[in-house]
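*Asks:* Got protein-v5.cif for you, mmCIF, C-alpha atoms and all ligand atoms:
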data_run
#
loop_
_atom_site.label_atom_id
_atom_site.label_comp_id
_atom_site.auth_asym_id
_atom_site.auth_seq_id
_atom_site.Cartn_x
_atom_site.Cartn_y
_atom_site.Cartn_z
CA ARG A 871 0.00 0.00 0.00
CA ALA A 872 2.58 2.59 1.07
CA LYS A 873 4.66 1.75 -1.97
CA LYS A 874 1.90 2.76 -4.33
CA GLU A 875 1.72 6.26 -2.92
CA GLY A 876 4.88 7.46 -4.60
CA ARG A 877 7.71 9.74 -3.77
CA GLY A 878 7.55 12.47 -1.17
CA THR A 879 4.45 11.06 0.41
CA HIS A 880 4.27 10.45 4.10
CA ARG A 881 2.79 7.25 5.33
CA LEU A 882 -0.50 8.51 6.52
CA PHE A 883 -1.57 5.60 8.61
CA THR A 884 -0.50 3.52 11.53
CA PRO A 885 -1.24 -0.15 12.06
CA GLY A 886 -4.69 -0.72 13.45
CA MET A 887 -8.22 -1.63 12.58
CA ASP A 888 -10.08 1.23 10.97
CA THR A 889 -7.19 3.65 10.67
CA HIS A 890 -7.67 3.76 6.93
CA LEU A 891 -11.21 5.06 7.27
CA GLN A 892 -10.13 7.47 9.97
CA GLU A 893 -7.38 8.66 7.72
CA ARG A 894 -9.77 9.38 4.88
CA HIS A 895 -11.95 11.28 7.30
CA VAL A 896 -9.02 13.38 8.49
CA ILE A 897 -7.96 14.15 4.91
CA ARG A 898 -11.49 15.02 3.95
CA GLN A 899 -11.72 17.51 6.80
CA ALA A 900 -8.33 19.03 6.06
CA LEU A 901 -9.05 19.33 2.32
CA HIS A 902 -12.02 21.49 3.13
CA GLY A 903 -10.64 25.00 2.85
CA ALA A 904 -7.16 23.91 1.73
CA LEU A 905 -7.57 25.96 -1.44
CA GLU A 906 -8.63 29.07 0.48
CA ARG A 907 -5.74 28.65 2.90
CA GLY A 908 -3.31 28.58 -0.02
CA GLU A 909 -2.08 25.05 0.66
CA LEU A 910 -2.46 23.87 -2.94
CA GLU A 911 0.14 24.44 -5.59
CA LEU A 912 0.66 23.36 -9.20
CA HIS A 913 3.95 21.86 -10.28
CA PHE A 914 4.90 21.44 -13.93
CA GLN A 915 6.60 18.43 -15.54
CA PRO A 916 8.17 18.67 -19.02
CA LEU A 917 7.00 16.70 -22.06
CA VAL A 918 9.46 16.37 -24.93
CA ALA A 919 9.31 15.39 -28.59
CA LEU A 920 11.15 12.06 -28.68
CA ALA A 921 12.53 12.53 -32.20
CA THR A 922 14.18 15.90 -31.50
CA GLY A 923 14.42 16.19 -27.73
CA ARG A 924 12.60 19.53 -27.90
CA LEU A 925 10.25 20.69 -25.17
CA THR A 926 6.61 20.58 -26.26
CA ALA A 927 4.57 21.08 -23.08
CA PHE A 928 4.37 20.87 -19.32
CA GLU A 929 1.82 18.82 -17.40
CA ALA A 930 0.32 20.65 -14.43
CA LEU A 931 0.30 18.41 -11.35
CA LEU A 932 -1.40 19.29 -8.07
CA ARG A 933 0.59 19.43 -4.84
CA TRP A 934 -0.89 19.83 -1.38
CA HIS A 935 1.28 21.24 1.38
CA HIS A 936 -0.41 20.12 4.55
CA PRO A 937 0.67 22.38 7.43
CA ARG A 938 1.65 19.45 9.67
CA ARG A 939 2.00 16.48 7.35
CA GLY A 940 4.02 18.07 4.61
CA LEU A 941 3.58 17.23 0.96
CA ILE A 942 0.65 14.95 0.15
CA SER A 943 0.47 13.23 -3.25
CA PRO A 944 -2.51 13.83 -5.56
CA ALA A 945 -2.78 10.05 -5.95
CA HIS A 946 -3.79 10.14 -2.29
CA PHE A 947 -6.04 13.17 -2.03
CA VAL A 948 -7.60 13.59 -5.51
CA PRO A 949 -9.83 10.49 -5.09
CA ILE A 950 -11.07 11.85 -1.75
CA ALA A 951 -11.58 15.31 -3.25
CA GLU A 952 -13.64 13.63 -5.96
CA GLU A 953 -15.87 11.90 -3.42
CA THR A 954 -16.67 15.11 -1.60
CA GLY A 955 -16.99 17.20 -4.76
CA VAL A 956 -14.32 19.65 -3.63
CA ILE A 957 -12.34 18.63 -6.73
CA VAL A 958 -14.69 20.87 -8.74
CA PRO A 959 -13.47 24.19 -7.27
CA ILE A 960 -9.94 22.75 -7.00
CA GLY A 961 -10.05 21.71 -10.67
CA GLU A 962 -11.30 25.15 -11.73
CA TRP A 963 -8.51 26.76 -9.77
CA ALA A 964 -5.99 24.41 -11.42
CA LEU A 965 -7.29 25.37 -14.88
CA GLN A 966 -6.98 29.09 -14.08
CA GLU A 967 -3.56 28.73 -12.53
CA ALA A 968 -2.21 26.50 -15.32
CA CYS A 969 -3.43 28.82 -18.09
CA ARG A 970 -2.17 31.92 -16.28
CA THR A 971 1.28 30.37 -15.87
CA ALA A 972 1.46 28.95 -19.40
CA ALA A 973 0.55 32.32 -20.95
CA THR A 974 3.98 33.56 -19.82
CA TRP A 975 5.88 30.75 -21.64
CA PRO A 976 7.30 31.03 -25.19
CA ASP A 977 4.64 30.43 -27.82
CA PRO A 978 4.53 26.84 -28.94
CA ILE A 979 4.92 25.42 -25.43
CA SER A 980 1.59 24.07 -24.17
CA VAL A 981 0.17 23.14 -20.81
CA ALA A 982 -1.67 19.89 -19.99
CA VAL A 983 -4.28 19.89 -17.23
CA ASN A 984 -5.85 16.78 -15.70
CA LEU A 985 -9.65 16.64 -15.44
CA SER A 986 -11.66 14.54 -13.03
CA PRO A 987 -15.06 12.89 -13.59
CA ALA A 988 -16.73 15.18 -11.05
CA GLN A 989 -15.83 18.18 -13.19
CA PHE A 990 -17.71 16.65 -16.11
CA ARG A 991 -20.69 15.80 -13.94
CA SER A 992 -20.90 19.32 -12.55
CA ARG A 993 -21.58 20.65 -16.06
CA THR A 994 -19.58 23.79 -15.36
CA LEU A 995 -16.52 22.51 -17.17
CA LEU A 996 -17.02 24.26 -20.49
CA ALA A 997 -17.60 27.61 -18.79
CA ALA A 998 -14.58 27.05 -16.55
CA VAL A 999 -12.33 26.34 -19.53
CA ARG A 1000 -13.61 29.40 -21.38
CA ARG A 1001 -13.03 31.53 -18.29
CA ALA A 1002 -9.51 30.25 -17.77
CA LEU A 1003 -8.59 30.90 -21.41
CA GLY A 1004 -10.25 34.32 -21.42
CA ALA A 1005 -8.68 35.52 -18.18
CA SER A 1006 -5.18 34.36 -19.10
CA GLY A 1007 -5.18 35.20 -22.81
CA LEU A 1008 -3.70 31.75 -23.51
CA GLU A 1009 -4.45 30.49 -27.04
CA ALA A 1010 -6.84 27.53 -26.83
CA GLU A 1011 -4.45 25.45 -28.96
CA ARG A 1012 -1.90 25.61 -26.15
CA LEU A 1013 -4.24 24.01 -23.61
CA GLN A 1014 -4.41 20.22 -23.48
CA LEU A 1015 -6.91 18.45 -21.28
CA GLU A 1016 -5.97 15.01 -19.95
CA ILE A 1017 -8.92 12.72 -19.44
CA THR A 1018 -8.92 9.17 -18.10
CA GLU A 1019 -11.42 6.58 -19.17
CA SER A 1020 -13.20 6.78 -15.83
CA VAL A 1021 -14.41 10.22 -16.90
CA LEU A 1022 -16.23 8.72 -19.84
CA LEU A 1023 -17.91 5.78 -18.17
CA LEU A 1024 -21.25 7.45 -17.62
CA GLU A 1025 -23.64 9.44 -19.75
CA ASP A 1026 -21.84 8.98 -23.01
CA SER A 1027 -23.83 11.40 -25.12
CA LEU A 1028 -23.40 14.24 -22.64
CA ASN A 1029 -19.67 13.57 -22.44
CA LEU A 1030 -19.40 13.42 -26.19
CA ARG A 1031 -21.10 16.78 -26.53
CA THR A 1032 -18.85 18.33 -23.90
CA LEU A 1033 -15.71 16.96 -25.54
CA GLU A 1034 -16.82 18.14 -28.96
CA GLU A 1035 -17.51 21.62 -27.63
CA LEU A 1036 -14.13 21.72 -25.93
CA ARG A 1037 -12.56 20.79 -29.20
CA ARG A 1038 -14.52 23.47 -31.02
CA LEU A 1039 -12.88 25.95 -28.68
CA GLY A 1040 -9.56 24.72 -30.08
CA VAL A 1041 -8.47 22.87 -26.95
CA ARG A 1042 -6.57 19.56 -27.41
CA LEU A 1043 -7.75 16.35 -25.76
CA ALA A 1044 -5.54 13.53 -24.52
CA MET A 1045 -6.62 10.12 -23.24
CA ASP A 1046 -4.59 9.68 -20.05
CA ASP A 1047 -3.36 6.41 -18.53
CA PHE A 1048 -4.23 4.65 -21.77
CA GLY A 1049 -4.54 0.89 -21.46
CA THR A 1050 -5.57 0.72 -17.81
CA GLY A 1051 -9.34 1.13 -18.24
CA TYR A 1052 -12.07 -1.15 -19.46
CA SER A 1053 -12.73 -0.08 -23.01
CA SER A 1054 -10.01 2.22 -24.25
CA LEU A 1055 -10.57 1.18 -27.84
CA SER A 1056 -14.26 1.92 -28.01
CA TYR A 1057 -13.63 5.29 -26.36
CA LEU A 1058 -11.03 6.09 -28.98
CA ARG A 1059 -13.59 5.40 -31.65
CA SER A 1060 -16.39 7.39 -30.02
CA PHE A 1061 -14.58 10.43 -28.67
CA PRO A 1062 -12.51 13.06 -30.48
CA PHE A 1063 -9.07 12.58 -28.92
CA ASP A 1064 -5.90 14.22 -30.26
CA LYS A 1065 -3.46 12.14 -28.24
CA ILE A 1066 -3.04 8.83 -26.46
CA LYS A 1067 -0.95 8.88 -23.31
CA LEU A 1068 0.20 5.33 -22.62
CA ASP A 1069 0.16 4.46 -18.94
CA GLN A 1070 3.50 4.23 -17.20
CA SER A 1071 2.88 0.62 -16.18
CA PHE A 1072 3.64 -0.36 -19.80
CA VAL A 1073 6.83 1.70 -19.87
CA ARG A 1074 8.27 0.34 -16.63
CA ASP A 1075 9.39 -3.02 -18.07
CA LEU A 1076 10.79 -1.69 -21.33
CA PRO A 1077 12.87 -2.76 -23.11
CA ASN A 1078 13.27 -6.20 -21.52
CA SER A 1079 9.67 -7.37 -21.59
CA ALA A 1080 8.72 -8.68 -25.02
CA ASP A 1081 5.07 -8.20 -24.09
CA CYS A 1082 5.55 -4.51 -23.33
CA GLN A 1083 7.52 -4.11 -26.56
CA ALA A 1084 4.58 -5.62 -28.47
CA ILE A 1085 2.06 -3.38 -26.69
CA VAL A 1086 4.13 -0.27 -27.34
CA ARG A 1087 4.47 -1.16 -31.01
CA ALA A 1088 0.72 -1.77 -31.31
CA VAL A 1089 -0.20 1.49 -29.56
CA ALA A 1090 2.15 3.47 -31.81
CA GLY A 1091 0.50 1.84 -34.84
CA LEU A 1092 -2.95 2.54 -33.47
CA ALA A 1093 -2.17 6.22 -32.91
CA SER A 1094 -0.64 6.70 -36.32
CA GLY A 1095 -3.58 4.90 -37.96
CA LEU A 1096 -5.98 7.23 -36.16
CA ARG A 1097 -3.70 10.17 -37.01
CA ILE A 1098 -3.33 11.17 -33.40
CA ALA A 1099 -0.22 11.58 -31.29
CA ALA A 1100 1.28 8.85 -29.10
CA ALA A 1101 2.82 9.91 -25.79
CA ALA A 1102 4.28 7.85 -22.96
CA GLU A 1103 4.66 8.68 -19.27
CA GLY A 1104 7.06 7.44 -16.62
CA ILE A 1105 10.20 7.33 -18.81
CA GLU A 1106 13.09 6.91 -16.40
CA THR A 1107 15.90 5.34 -18.43
CA GLU A 1108 17.72 5.91 -21.72
CA GLU A 1109 16.69 2.38 -22.74
CA GLN A 1110 13.00 3.12 -22.29
CA PHE A 1111 13.43 6.38 -24.20
CA ALA A 1112 15.21 4.60 -27.08
CA ALA A 1113 12.63 1.80 -27.24
CA LEU A 1114 9.71 4.25 -27.40
CA ARG A 1115 11.42 6.44 -29.97
CA ALA A 1116 12.25 3.42 -32.15
CA LYS A 1117 8.61 2.31 -32.07
CA GLY A 1118 7.50 5.73 -33.31
CA PHE A 1119 6.20 7.34 -30.12
CA ASP A 1120 5.91 11.10 -30.59
CA GLU A 1121 6.21 12.43 -27.08
CA GLY A 1122 7.49 11.42 -23.66
CA GLN A 1123 7.44 12.46 -20.04
CA GLY A 1124 9.33 11.13 -17.05
CA HIS A 1125 12.14 11.61 -14.60
CA LEU A 1126 14.68 11.09 -17.40
CA PHE A 1127 13.57 14.43 -18.86
CA GLY A 1128 12.78 16.09 -15.56
CA ALA A 1129 10.48 15.91 -12.56
CA ALA A 1130 7.70 18.40 -11.90
CA VAL A 1131 8.97 21.81 -10.77
CA ARG A 1132 7.30 24.91 -9.29
CA GLY A 1133 5.85 27.40 -11.77
CA SER A 1134 8.65 29.86 -10.92
CA GLU A 1135 11.28 27.33 -12.02
CA VAL A 1136 9.71 26.55 -15.41
CA PRO A 1137 11.59 29.37 -17.23
CA LEU A 1138 14.89 27.77 -16.07
CA VAL A 1139 13.84 24.41 -17.50
CA ILE A 1140 12.82 26.08 -20.77
CA ALA A 1141 16.16 27.92 -20.97
CA ARG A 1142 18.06 24.70 -20.37
CA TYR A 1143 16.19 22.98 -23.19
CA GLN A 1144 16.75 25.94 -25.51
CA LEU A 1145 20.49 25.97 -24.88
CA SER A 1146 20.85 22.37 -25.88
CA ARG A 1147 18.41 20.22 -27.76
CA ASN A 1148 19.08 17.47 -25.34
CA PRO A 1149 20.16 18.77 -21.94
CA ARG A 1150 20.31 15.26 -20.48
CA ILE A 1151 23.31 14.48 -22.66
CA GLN A 1152 25.25 17.21 -20.90
CA GLY A 1153 24.65 15.49 -17.64
CA ASN A 1154 21.94 17.67 -16.18
P1 LIG B 1201 -1.07 11.32 -14.21
O1 LIG B 1201 -1.91 12.34 -14.85
O2 LIG B 1201 -0.93 10.03 -14.94
O3 LIG B 1201 0.34 12.01 -13.98
C1 LIG B 1201 1.59 11.37 -14.10
C2 LIG B 1201 2.11 10.97 -12.75
O4 LIG B 1201 3.33 10.24 -12.93
C3 LIG B 1201 2.50 12.15 -11.85
O5 LIG B 1201 2.26 11.75 -10.51
C4 LIG B 1201 3.98 12.29 -12.10
O6 LIG B 1201 4.66 12.98 -11.08
C5 LIG B 1201 4.37 10.84 -12.17
N1 LIG B 1201 5.62 10.66 -12.91
C6 LIG B 1201 6.15 11.44 -13.84
N2 LIG B 1201 7.30 10.97 -14.32
C7 LIG B 1201 7.51 9.81 -13.67
C8 LIG B 1201 8.56 8.83 -13.73
O7 LIG B 1201 9.52 8.93 -14.49
N3 LIG B 1201 8.44 7.76 -12.91
C9 LIG B 1201 7.40 7.62 -12.05
N4 LIG B 1201 7.35 6.53 -11.28
N5 LIG B 1201 6.39 8.52 -11.96
C10 LIG B 1201 6.46 9.61 -12.77
P2 LIG B 1201 1.56 12.72 -9.46
O8 LIG B 1201 2.01 14.12 -9.67
O9 LIG B 1201 1.74 12.11 -8.12
O10 LIG B 1201 0.03 12.65 -9.88
C11 LIG B 1201 -0.68 11.46 -9.75
C12 LIG B 1201 -2.02 11.55 -10.42
O11 LIG B 1201 -2.87 12.50 -9.74
C13 LIG B 1201 -1.96 12.04 -11.85
O12 LIG B 1201 -1.59 10.98 -12.71
C14 LIG B 1201 -3.39 12.51 -12.05
O13 LIG B 1201 -4.23 11.43 -12.37
C15 LIG B 1201 -3.76 13.03 -10.68
N6 LIG B 1201 -3.67 14.51 -10.69
C16 LIG B 1201 -2.59 15.30 -10.57
N7 LIG B 1201 -2.93 16.60 -10.66
C17 LIG B 1201 -4.26 16.63 -10.89
C18 LIG B 1201 -5.22 17.69 -11.11
O14 LIG B 1201 -4.91 18.89 -11.17
N8 LIG B 1201 -6.53 17.30 -11.28
C19 LIG B 1201 -6.90 15.99 -11.28
N9 LIG B 1201 -8.21 15.70 -11.46
N10 LIG B 1201 -6.03 14.99 -11.09
C20 LIG B 1201 -4.73 15.30 -10.90
MG MG B 1202 -2.10 13.28 -16.58
MG MG B 1203 -1.06 9.98 -17.14
MG MG B 1204 -0.67 7.86 -14.90
#
Please go through the file and, once you have read it, give me the structure as structure tokens.
*Replies:*
Amino acid sequence: RAKKEGRGTHRLFTPGMDTHLQERHVIRQALHGALERGELELHFQPLVALATGRLTAFEALLRWHHPRRGLISPAHFVPIAEETGVIVPIGEWALQEACRTAATWPDPISVAVNLSPAQFRSRTLLAAVRRALGASGLEAERLQLEITESVLLLEDSLNLRTLEELRRLGVRLAMDDFGTGYSSLSYLRSFPFDKIKLDQSFVRDLPNSADCQAIVRAVAGLASGLRIAAAAEGIETEEQFAALRAKGFDEGQGHLFGAAVRGSEVPLVIARYQLSRNPRIQGN
């Protein structure tokens, strides 16, 4: 359990019967008002074009600085924020903050923002996206929305309409964590995605696992057949990078290229990438 919670996360439970439930309750309470108290922050992780090593975008990732517990991972608190509905105002804030920050970056560099199912259900999503674009002045083409299959499970026609309207605004849509859901393929056929983002669980065992090699090859073929982009997350080694590039993946993200940094540090990352097409080769 603790292993799944990722880096920089404190173990939020102690051995005992219903500590897990208690823990969720404590988080739920503390999340209430976290936004107003300024405890939430967005960090930004680079995405690069695998063929050239150039920076294409940053993914905005939520961070919660709990006053006593320190940094809490979104993998831990986003599901609870979804249950209580507080993810809706948090998600709107993230859209605003991501667009505002990205509007200061050099032109082709985009920002990717994660959406949660509750934001779709609330039906305020389209207005929130319009507001975030309008207030920041960011071109719609530079905003990518990352959507997991769980978003699409219910009310297909409503979701389809929402996604089509988002696309009419000029926003790009990416299917996140591709391959982990129930019916990725039928969603790809029904919904207007611009990009597939292969889940990191398929990248982890590259290049040694023949199965993962086959899956990566098939997903690259699928994306090119659909004329959409193929991206991969969780790239940590040169070998994974090389395997994905050789199979025709367009874009990648992972610790090999850089972890998520504060908004104020993004210009440094951009400068580093502009100095050299491939800053990793210089040992950074
Ligand atoms: P995701 O959208 O799939 O984001 C990628 C996750 O992989 C991030 O975890 C990122 O830090 C991590 N990662 C990046 N490179 C590597 C790598 O090389 N190795 C490994 N092992 N991990 C890597 P993070 O930041 O903890 O976020 C976890 C999840 O929380 C995200 O998964 C996303 O589903 C959700 N999330 C984050 N921010 C938001 C948000 O603003 N709104 C919503 N609704 N969900 C969010
Ligand atoms: Mg994502
Ligand atoms: Mg992802
Ligand atoms: Mg993921």
*Asks:* Go through A:Thr971, A:Asn984, A:Gln899, A:Thr1107 one by one, measure the shortest atom-to-atom distance of each to Thr1018 of chain A using all atoms listed in the file, and give the residue with the smallest value.
*Replies:*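 Once distances to Thr1018 of chain A are computed over all atoms listed in the file, the minimum belongs to A:Asn984.
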*Asks:* I'd like to know which of A:Gly1091, A:Pro1062, A:Gly1004, A:Pro944 is closest to ligand MG 1202 (chain B), using only C-alpha atoms and all ligand atoms.
*Replies:* A:Pro944
*Asks:* Residues within 7 Å of ligand MG 1203 (chain B), counting only C-alpha atoms and all ligand atoms: report them as a PyMOL selection string.
*Replies:* chain A and resi 1046-1047+1067+1069+1103
*Asks:* From the set A:Gly1124, A:Arg933, A:Phe1111, A:Ala997, which residue has the shortest atom-to-atom contact distance to Phe947 of chain A, counting all atoms listed in the file?
*Replies:* A:Arg933
*Asks:* What's the separation between atom CA of Glu952 of chain A and atom O5 of ligand LIG 1201 (chain B), in Å to one decimal place?
*Replies:*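 Computing it gives 16.6 Å between the two atoms.
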*Asks:* Pick from A:Leu925, A:Ala988, A:Ala900, A:Ile950: nearest to Trp975 of chain A, with all atoms listed in the file counted?
*Replies:*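 Among the listed residues, the smallest separation from Trp975 of chain A belongs to A:Leu925.
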*Asks:* Could you work out how far atom CA of Ala1090 of chain A lies from atom CA of Phe1072 of chain A, giving the answer in Å with one decimal?
*Replies:* 12.7 Å
*Asks:* Atom CA of Glu953 of chain A and atom CA of Leu1036 of chain A, how far apart in Å?
*Replies:*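 One can read the atom CA of Leu1036 of chain A to atom CA of Glu953 of chain A distance as 24.6 Å.
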*Asks:* Would you mind listing what lies within 12 Å of Ala998 of chain A as a VMD selection string, with only C-alpha atoms counted and same-chain residues fewer than 4 positions away left out?
*Replies:* chain A and resid 958 to 967 969 985 989 to 990 992 to 994 1002 to 1005 1036
*Asks:* Return as lines of an AutoDock Vina configuration file the centre and edge lengths, in Å with one decimal, of the box along x, y and z that encloses every atom of segment 1011-1015 of chain A in the file, padded by 5 Å per side.
*Replies:*
center_x = -4.4
center_y = 22.0
center_z = -25.1
size_x = 15.0
size_y = 17.2
size_z = 17.7
